[in-house]
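Structure data follow from target29.pdb (PDB, N, CA and C atoms, pLDDT in the B column):
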```
MODEL        1
ATOM      1  N   MET A 227       0.850  -1.162   0.000  1.00 60.00           N
ATOM      2  CA  MET A 227       0.000   0.000   0.000  1.00 60.00           C
ATOM      3  C   MET A 227       0.898   1.227   0.000  1.00 60.00           C
ATOM      4  N   LEU A 228       0.551   2.198  -0.825  1.00 62.00           N
ATOM      5  CA  LEU A 228       1.325   3.434  -0.915  1.00 62.00           C
ATOM      6  C   LEU A 228       0.899   4.411   0.165  1.00 62.00           C
ATOM      7  N   ASN A 229       1.877   5.063   0.697  1.00 73.00           N
ATOM      8  CA  ASN A 229       1.603   6.115   1.666  1.00 73.00           C
ATOM      9  C   ASN A 229       1.193   7.377   0.896  1.00 73.00           C
ATOM     10  N   PRO A 230       0.058   8.016   1.217  1.00 72.00           N
ATOM     11  CA  PRO A 230      -0.377   9.199   0.468  1.00 72.00           C
ATOM     12  C   PRO A 230       0.566  10.386   0.607  1.00 72.00           C
ATOM     13  N   ASN A 231       1.459  10.359   1.555  1.00 76.00           N
ATOM     14  CA  ASN A 231       2.391  11.465   1.732  1.00 76.00           C
ATOM     15  C   ASN A 231       3.647  11.299   0.878  1.00 76.00           C
ATOM     16  N   GLU A 232       3.874  10.124   0.322  1.00 76.00           N
ATOM     17  CA  GLU A 232       5.057   9.887  -0.494  1.00 76.00           C
ATOM     18  C   GLU A 232       4.782  10.273  -1.947  1.00 76.00           C
ATOM     19  N   THR A 233       5.810  10.717  -2.635  1.00 74.00           N
ATOM     20  CA  THR A 233       5.696  11.099  -4.041  1.00 74.00           C
ATOM     21  C   THR A 233       6.219   9.963  -4.906  1.00 74.00           C
ATOM     22  N   LEU A 234       5.453   9.613  -5.866  1.00 68.00           N
ATOM     23  CA  LEU A 234       5.848   8.577  -6.814  1.00 68.00           C
ATOM     24  C   LEU A 234       6.488   9.257  -8.022  1.00 68.00           C
ATOM     25  N   GLN A 235       7.720   8.898  -8.323  1.00 76.00           N
ATOM     26  CA  GLN A 235       8.417   9.505  -9.456  1.00 76.00           C
ATOM     27  C   GLN A 235       8.551   8.482 -10.568  1.00 76.00           C
ATOM     28  N   LEU A 236       8.133   8.878 -11.733  1.00 74.00           N
ATOM     29  CA  LEU A 236       8.224   8.018 -12.906  1.00 74.00           C
ATOM     30  C   LEU A 236       9.259   8.581 -13.866  1.00 74.00           C
ATOM     31  N   ARG A 237       9.943   7.693 -14.553  1.00 77.00           N
ATOM     32  CA  ARG A 237      10.922   8.114 -15.542  1.00 77.00           C
ATOM     33  C   ARG A 237      10.191   8.567 -16.800  1.00 77.00           C
ATOM     34  N   ARG A 238      10.543   9.755 -17.309  1.00 73.00           N
ATOM     35  CA  ARG A 238       9.928  10.255 -18.531  1.00 73.00           C
ATOM     36  C   ARG A 238      10.578   9.616 -19.744  1.00 73.00           C
ATOM     37  N   ILE A 239       9.764   9.201 -20.691  1.00 67.00           N
ATOM     38  CA  ILE A 239      10.279   8.653 -21.944  1.00 67.00           C
ATOM     39  C   ILE A 239      10.494   9.827 -22.891  1.00 67.00           C
ATOM     40  N   PRO A 240      11.722  10.039 -23.382  1.00 63.00           N
ATOM     41  CA  PRO A 240      11.956  11.195 -24.258  1.00 63.00           C
ATOM     42  C   PRO A 240      11.314  10.971 -25.628  1.00 63.00           C
ATOM     43  N   LEU A 241      10.670  12.031 -26.146  1.00 58.00           N
ATOM     44  CA  LEU A 241      10.118  11.981 -27.493  1.00 58.00           C
ATOM     45  C   LEU A 241      11.240  12.266 -28.476  1.00 58.00           C
ATOM     46  N   LEU A 242      11.325  11.479 -29.509  1.00 57.00           N
ATOM     47  CA  LEU A 242      12.396  11.660 -30.489  1.00 57.00           C
ATOM     48  C   LEU A 242      11.809  12.007 -31.845  1.00 57.00           C
ATOM     49  N   THR A 243      12.465  12.900 -32.537  1.00 59.00           N
ATOM     50  CA  THR A 243      12.095  13.205 -33.906  1.00 59.00           C
ATOM     51  C   THR A 243      12.728  12.142 -34.800  1.00 59.00           C
ATOM     52  N   PRO A 244      12.340  12.027 -36.043  1.00 60.00           N
ATOM     53  CA  PRO A 244      12.892  10.987 -36.909  1.00 60.00           C
ATOM     54  C   PRO A 244      14.409  10.911 -36.976  1.00 60.00           C
ATOM     55  N   PRO A 245      15.156  12.035 -37.006  1.00 61.00           N
ATOM     56  CA  PRO A 245      16.607  11.895 -37.036  1.00 61.00           C
ATOM     57  C   PRO A 245      17.210  11.420 -35.727  1.00 61.00           C
ATOM     58  N   GLY A 246      16.414  11.344 -34.654  1.00 59.00           N
ATOM     59  CA  GLY A 246      16.937  10.868 -33.388  1.00 59.00           C
ATOM     60  C   GLY A 246      17.268  11.971 -32.412  1.00 59.00           C
ATOM     61  N   ARG A 247      16.976  13.216 -32.789  1.00 61.00           N
ATOM     62  CA  ARG A 247      17.220  14.318 -31.861  1.00 61.00           C
ATOM     63  C   ARG A 247      16.047  14.444 -30.902  1.00 61.00           C
ATOM     64  N   PRO A 248      16.283  14.928 -29.701  1.00 59.00           N
ATOM     65  CA  PRO A 248      15.156  15.152 -28.803  1.00 59.00           C
ATOM     66  C   PRO A 248      14.232  16.228 -29.364  1.00 59.00           C
ATOM     67  N   LEU A 249      12.954  16.079 -29.112  1.00 58.00           N
ATOM     68  CA  LEU A 249      11.965  17.019 -29.610  1.00 58.00           C
ATOM     69  C   LEU A 249      12.148  18.355 -28.913  1.00 58.00           C
ATOM     70  N   GLU A 250      12.377  19.386 -29.676  1.00 62.00           N
ATOM     71  CA  GLU A 250      12.589  20.718 -29.127  1.00 62.00           C
ATOM     72  C   GLU A 250      11.474  21.634 -29.592  1.00 62.00           C
ATOM     73  N   VAL A 251      11.273  22.678 -28.837  1.00 63.00           N
ATOM     74  CA  VAL A 251      10.266  23.658 -29.221  1.00 63.00           C
ATOM     75  C   VAL A 251      10.755  24.375 -30.475  1.00 63.00           C
ATOM     76  N   GLY A 252       9.903  24.457 -31.475  1.00 75.00           N
ATOM     77  CA  GLY A 252      10.254  25.168 -32.691  1.00 75.00           C
ATOM     78  C   GLY A 252      10.891  24.317 -33.769  1.00 75.00           C
ATOM     79  N   TRP A 253      10.977  23.004 -33.577  1.00 72.00           N
ATOM     80  CA  TRP A 253      11.627  22.193 -34.615  1.00 72.00           C
ATOM     81  C   TRP A 253      10.809  22.187 -35.891  1.00 72.00           C
ATOM     82  N   ALA A 254       9.482  22.294 -35.799  1.00 78.00           N
ATOM     83  CA  ALA A 254       8.649  22.307 -37.003  1.00 78.00           C
ATOM     84  C   ALA A 254       8.899  23.584 -37.804  1.00 78.00           C
ATOM     85  N   GLN A 255       9.050  24.714 -37.109  1.00 82.00           N
ATOM     86  CA  GLN A 255       9.343  25.958 -37.808  1.00 82.00           C
ATOM     87  C   GLN A 255      10.722  25.908 -38.468  1.00 82.00           C
ATOM     88  N   GLU A 256      11.679  25.307 -37.784  1.00 83.00           N
ATOM     89  CA  GLU A 256      13.011  25.173 -38.369  1.00 83.00           C
ATOM     90  C   GLU A 256      12.974  24.280 -39.605  1.00 83.00           C
ATOM     91  N   PHE A 257      12.227  23.190 -39.527  1.00 84.00           N
ATOM     92  CA  PHE A 257      12.123  22.298 -40.677  1.00 84.00           C
ATOM     93  C   PHE A 257      11.430  22.994 -41.836  1.00 84.00           C
ATOM     94  N   ALA A 258      10.363  23.749 -41.559  1.00 85.00           N
ATOM     95  CA  ALA A 258       9.651  24.471 -42.618  1.00 85.00           C
ATOM     96  C   ALA A 258      10.556  25.518 -43.247  1.00 85.00           C
ATOM     97  N   ARG A 259      11.352  26.206 -42.440  1.00 85.00           N
ATOM     98  CA  ARG A 259      12.285  27.203 -42.977  1.00 85.00           C
ATOM     99  C   ARG A 259      13.332  26.525 -43.852  1.00 85.00           C
ATOM    100  N   TRP A 260      13.859  25.375 -43.409  1.00 85.00           N
ATOM    101  CA  TRP A 260      14.834  24.645 -44.208  1.00 85.00           C
ATOM    102  C   TRP A 260      14.229  24.192 -45.528  1.00 85.00           C
ATOM    103  N   LEU A 261      13.004  23.652 -45.459  1.00 87.00           N
ATOM    104  CA  LEU A 261      12.332  23.181 -46.670  1.00 87.00           C
ATOM    105  C   LEU A 261      12.080  24.336 -47.634  1.00 87.00           C
ATOM    106  N   TRP A 262      11.711  25.491 -47.108  1.00 85.00           N
ATOM    107  CA  TRP A 262      11.495  26.677 -47.950  1.00 85.00           C
ATOM    108  C   TRP A 262      12.791  27.048 -48.668  1.00 85.00           C
ATOM    109  N   HIS A 263      13.904  27.046 -47.955  1.00 83.00           N
ATOM    110  CA  HIS A 263      15.171  27.440 -48.558  1.00 83.00           C
ATOM    111  C   HIS A 263      15.715  26.387 -49.514  1.00 83.00           C
ATOM    112  N   VAL A 264      15.224  25.170 -49.431  1.00 84.00           N
ATOM    113  CA  VAL A 264      15.640  24.153 -50.403  1.00 84.00           C
ATOM    114  C   VAL A 264      15.094  24.504 -51.789  1.00 84.00           C
ATOM    115  N   PHE A 265      13.865  25.002 -51.851  1.00 84.00           N
ATOM    116  CA  PHE A 265      13.208  25.240 -53.131  1.00 84.00           C
ATOM    117  C   PHE A 265      13.195  26.700 -53.578  1.00 84.00           C
ATOM    118  N   VAL A 266      13.398  27.650 -52.677  1.00 82.00           N
ATOM    119  CA  VAL A 266      13.294  29.065 -53.027  1.00 82.00           C
ATOM    120  C   VAL A 266      14.632  29.757 -52.771  1.00 82.00           C
ATOM    121  N   LEU A 267      15.138  30.405 -53.800  1.00 77.00           N
ATOM    122  CA  LEU A 267      16.389  31.133 -53.669  1.00 77.00           C
ATOM    123  C   LEU A 267      16.132  32.528 -53.123  1.00 77.00           C
ATOM    124  N   PRO A 268      17.101  33.104 -52.417  1.00 80.00           N
ATOM    125  CA  PRO A 268      16.970  34.503 -52.025  1.00 80.00           C
ATOM    126  C   PRO A 268      16.947  35.391 -53.266  1.00 80.00           C
ATOM    127  N   ALA A 269      16.376  36.572 -53.144  1.00 77.00           N
ATOM    128  CA  ALA A 269      16.202  37.456 -54.300  1.00 77.00           C
ATOM    129  C   ALA A 269      17.538  37.836 -54.941  1.00 77.00           C
ATOM    130  N   ASP A 270      18.597  37.989 -54.141  1.00 79.00           N
ATOM    131  CA  ASP A 270      19.877  38.392 -54.719  1.00 79.00           C
ATOM    132  C   ASP A 270      20.562  37.252 -55.487  1.00 79.00           C
ATOM    133  N   LEU A 271      20.190  35.991 -55.227  1.00 78.00           N
ATOM    134  CA  LEU A 271      20.777  34.859 -55.952  1.00 78.00           C
ATOM    135  C   LEU A 271      19.898  34.370 -57.108  1.00 78.00           C
ATOM    136  N   ALA A 272      18.650  34.792 -57.136  1.00 77.00           N
ATOM    137  CA  ALA A 272      17.732  34.340 -58.178  1.00 77.00           C
ATOM    138  C   ALA A 272      18.109  34.972 -59.515  1.00 77.00           C
ATOM    139  N   LYS A 273      18.002  34.187 -60.569  1.00 82.00           N
ATOM    140  CA  LYS A 273      18.301  34.671 -61.910  1.00 82.00           C
ATOM    141  C   LYS A 273      17.043  34.557 -62.757  1.00 82.00           C
ATOM    142  N   PRO A 274      16.887  35.467 -63.733  1.00 82.00           N
ATOM    143  CA  PRO A 274      15.711  35.358 -64.607  1.00 82.00           C
ATOM    144  C   PRO A 274      15.815  34.127 -65.500  1.00 82.00           C
ATOM    145  N   TRP A 275      14.649  33.697 -66.008  1.00 80.00           N
ATOM    146  CA  TRP A 275      14.636  32.556 -66.919  1.00 80.00           C
ATOM    147  C   TRP A 275      15.412  32.899 -68.181  1.00 80.00           C
ATOM    148  N   PRO A 276      16.095  31.930 -68.781  1.00 87.00           N
ATOM    149  CA  PRO A 276      16.800  32.200 -70.043  1.00 87.00           C
ATOM    150  C   PRO A 276      15.812  32.562 -71.151  1.00 87.00           C
ATOM    151  N   ARG A 277      16.311  33.274 -72.157  1.00 89.00           N
ATOM    152  CA  ARG A 277      15.440  33.721 -73.252  1.00 89.00           C
ATOM    153  C   ARG A 277      14.860  32.559 -74.040  1.00 89.00           C
ATOM    154  N   TRP A 278      15.611  31.453 -74.176  1.00 89.00           N
ATOM    155  CA  TRP A 278      15.096  30.344 -74.975  1.00 89.00           C
ATOM    156  C   TRP A 278      13.868  29.721 -74.338  1.00 89.00           C
ATOM    157  N   ILE A 279      13.784  29.780 -73.017  1.00 85.00           N
ATOM    158  CA  ILE A 279      12.584  29.263 -72.352  1.00 85.00           C
ATOM    159  C   ILE A 279      11.395  30.151 -72.667  1.00 85.00           C
ATOM    160  N   HIS A 280      11.620  31.457 -72.666  1.00 86.00           N
ATOM    161  CA  HIS A 280      10.534  32.369 -73.003  1.00 86.00           C
ATOM    162  C   HIS A 280      10.065  32.161 -74.438  1.00 86.00           C
ATOM    163  N   ARG A 281      11.007  31.914 -75.355  1.00 92.00           N
ATOM    164  CA  ARG A 281      10.636  31.751 -76.769  1.00 92.00           C
ATOM    165  C   ARG A 281       9.964  30.417 -77.049  1.00 92.00           C
ATOM    166  N   LEU A 282      10.371  29.344 -76.365  1.00 92.00           N
ATOM    167  CA  LEU A 282       9.846  28.016 -76.682  1.00 92.00           C
ATOM    168  C   LEU A 282       8.694  27.575 -75.771  1.00 92.00           C
ATOM    169  N   ILE A 283       8.834  27.782 -74.490  1.00 90.00           N
ATOM    170  CA  ILE A 283       7.868  27.250 -73.528  1.00 90.00           C
ATOM    171  C   ILE A 283       6.663  28.166 -73.348  1.00 90.00           C
ATOM    172  N   LYS A 284       6.898  29.479 -73.350  1.00 89.00           N
ATOM    173  CA  LYS A 284       5.817  30.422 -73.093  1.00 89.00           C
ATOM    174  C   LYS A 284       4.661  30.278 -74.085  1.00 89.00           C
ATOM    175  N   PRO A 285       4.914  30.199 -75.398  1.00 91.00           N
ATOM    176  CA  PRO A 285       3.783  30.026 -76.324  1.00 91.00           C
ATOM    177  C   PRO A 285       3.021  28.719 -76.103  1.00 91.00           C
ATOM    178  N   LEU A 286       3.738  27.656 -75.740  1.00 92.00           N
ATOM    179  CA  LEU A 286       3.070  26.373 -75.481  1.00 92.00           C
ATOM    180  C   LEU A 286       2.163  26.473 -74.248  1.00 92.00           C
ATOM    181  N   LEU A 287       2.655  27.106 -73.194  1.00 90.00           N
ATOM    182  CA  LEU A 287       1.839  27.266 -71.993  1.00 90.00           C
ATOM    183  C   LEU A 287       0.629  28.168 -72.233  1.00 90.00           C
ATOM    184  N   LEU A 288       0.824  29.229 -73.002  1.00 91.00           N
ATOM    185  CA  LEU A 288      -0.303  30.114 -73.301  1.00 91.00           C
ATOM    186  C   LEU A 288      -1.355  29.396 -74.148  1.00 91.00           C
ATOM    187  N   ARG A 289      -0.920  28.576 -75.102  1.00 93.00           N
ATOM    188  CA  ARG A 289      -1.855  27.811 -75.928  1.00 93.00           C
ATOM    189  C   ARG A 289      -2.610  26.785 -75.081  1.00 93.00           C
ATOM    190  N   LEU A 290      -1.907  26.120 -74.175  1.00 93.00           N
ATOM    191  CA  LEU A 290      -2.553  25.161 -73.278  1.00 93.00           C
ATOM    192  C   LEU A 290      -3.558  25.857 -72.363  1.00 93.00           C
ATOM    193  N   ALA A 291      -3.190  27.022 -71.847  1.00 92.00           N
ATOM    194  CA  ALA A 291      -4.108  27.780 -70.992  1.00 92.00           C
ATOM    195  C   ALA A 291      -5.358  28.179 -71.765  1.00 92.00           C
ATOM    196  N   ARG A 292      -5.189  28.574 -73.009  1.00 92.00           N
ATOM    197  CA  ARG A 292      -6.338  28.966 -73.826  1.00 92.00           C
ATOM    198  C   ARG A 292      -7.261  27.772 -74.066  1.00 92.00           C
ATOM    199  N   GLN A 293      -6.679  26.582 -74.317  1.00 94.00           N
ATOM    200  CA  GLN A 293      -7.485  25.379 -74.545  1.00 94.00           C
ATOM    201  C   GLN A 293      -8.211  24.935 -73.278  1.00 94.00           C
ATOM    202  N   LEU A 294      -7.586  25.121 -72.127  1.00 91.00           N
ATOM    203  CA  LEU A 294      -8.207  24.732 -70.867  1.00 91.00           C
ATOM    204  C   LEU A 294      -9.171  25.789 -70.330  1.00 91.00           C
ATOM    205  N   GLY A 295      -9.194  26.957 -70.946  1.00 91.00           N
ATOM    206  CA  GLY A 295     -10.095  28.016 -70.507  1.00 91.00           C
ATOM    207  C   GLY A 295      -9.594  28.774 -69.295  1.00 91.00           C
ATOM    208  N   ILE A 296      -8.292  28.845 -69.122  1.00 90.00           N
ATOM    209  CA  ILE A 296      -7.705  29.563 -67.998  1.00 90.00           C
ATOM    210  C   ILE A 296      -7.636  31.039 -68.352  1.00 90.00           C
ATOM    211  N   SER A 297      -8.231  31.866 -67.515  1.00 87.00           N
ATOM    212  CA  SER A 297      -8.313  33.297 -67.835  1.00 87.00           C
ATOM    213  C   SER A 297      -6.971  34.003 -67.654  1.00 87.00           C
ATOM    214  N   ASN A 298      -6.224  33.670 -66.624  1.00 88.00           N
ATOM    215  CA  ASN A 298      -4.943  34.314 -66.361  1.00 88.00           C
ATOM    216  C   ASN A 298      -3.866  33.236 -66.306  1.00 88.00           C
ATOM    217  N   ALA A 299      -3.109  33.091 -67.376  1.00 87.00           N
ATOM    218  CA  ALA A 299      -2.105  32.026 -67.464  1.00 87.00           C
ATOM    219  C   ALA A 299      -0.931  32.254 -66.528  1.00 87.00           C
ATOM    220  N   ARG A 300      -0.742  33.476 -66.034  1.00 84.00           N
ATOM    221  CA  ARG A 300       0.382  33.766 -65.141  1.00 84.00           C
ATOM    222  C   ARG A 300       0.054  33.518 -63.682  1.00 84.00           C
ATOM    223  N   SER A 301      -1.180  33.168 -63.383  1.00 85.00           N
ATOM    224  CA  SER A 301      -1.609  32.956 -62.003  1.00 85.00           C
ATOM    225  C   SER A 301      -1.631  31.468 -61.675  1.00 85.00           C
ATOM    226  N   ILE A 302      -0.927  31.085 -60.628  1.00 83.00           N
ATOM    227  CA  ILE A 302      -0.926  29.689 -60.195  1.00 83.00           C
ATOM    228  C   ILE A 302      -2.313  29.297 -59.705  1.00 83.00           C
ATOM    229  N   ARG A 303      -2.999  30.238 -59.079  1.00 85.00           N
ATOM    230  CA  ARG A 303      -4.349  29.972 -58.589  1.00 85.00           C
ATOM    231  C   ARG A 303      -5.299  29.623 -59.740  1.00 85.00           C
ATOM    232  N   SER A 304      -5.141  30.284 -60.872  1.00 85.00           N
ATOM    233  CA  SER A 304      -5.993  29.986 -62.017  1.00 85.00           C
ATOM    234  C   SER A 304      -5.736  28.572 -62.539  1.00 85.00           C
ATOM    235  N   TRP A 305      -4.500  28.154 -62.576  1.00 84.00           N
ATOM    236  CA  TRP A 305      -4.167  26.798 -63.027  1.00 84.00           C
ATOM    237  C   TRP A 305      -4.679  25.766 -62.045  1.00 84.00           C
ATOM    238  N   ARG A 306      -4.618  26.064 -60.773  1.00 82.00           N
ATOM    239  CA  ARG A 306      -5.017  25.101 -59.745  1.00 82.00           C
ATOM    240  C   ARG A 306      -6.522  24.875 -59.733  1.00 82.00           C
ATOM    241  N   CYS A 307      -7.287  25.887 -60.019  1.00 67.00           N
ATOM    242  CA  CYS A 307      -8.745  25.794 -59.923  1.00 67.00           C
ATOM    243  C   CYS A 307      -9.390  25.139 -61.133  1.00 67.00           C
ATOM    244  N   THR A 308      -8.632  24.791 -62.151  1.00 53.00           N
ATOM    245  CA  THR A 308      -9.248  24.163 -63.323  1.00 53.00           C
ATOM    246  C   THR A 308      -9.444  22.691 -63.133  1.00 53.00           C
TER     247      THR A 308
ENDMDL
END
```
For the file at hand, write its structure as structure tokens.
Amino acid sequence: MLNPNETLQLRRIPLLTPPGRPLEVGWAQEFARWLWHVFVLPADLAKPWPRWIHRLIKPLLLRLARQLGISNARSIRSWRCT
């Protein structure tokens, strides 16, 4: 029988993230920031598309948008809603 005045101490099981690090506050924000920087370059490092892409790909995309009935071919939202 346990004495009600005694404190029972249990060992805490540490939560681990997939890489094996202990779960810390803000790890999801850090991961999201890392994932963002994997796919998006800073403005000073970003380069414009080459001219050959504009000459070859742009007319094909505009023709496809016209066939699909997309009103604004430059809007990602317009492509997504079709």
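Between CA of Lys284 in chain A and CA of Arg303 in chain A the separation is 17.7 Å.
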Work out how far atom N of Trp305 in chain A is from atom C of Ala291 in chain A, in Å to one decimal. 9.2 Å
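One distance worth recording is that between CA of Trp275 in chain A and CA of Arg292 in chain A, which is 22.4 Å.
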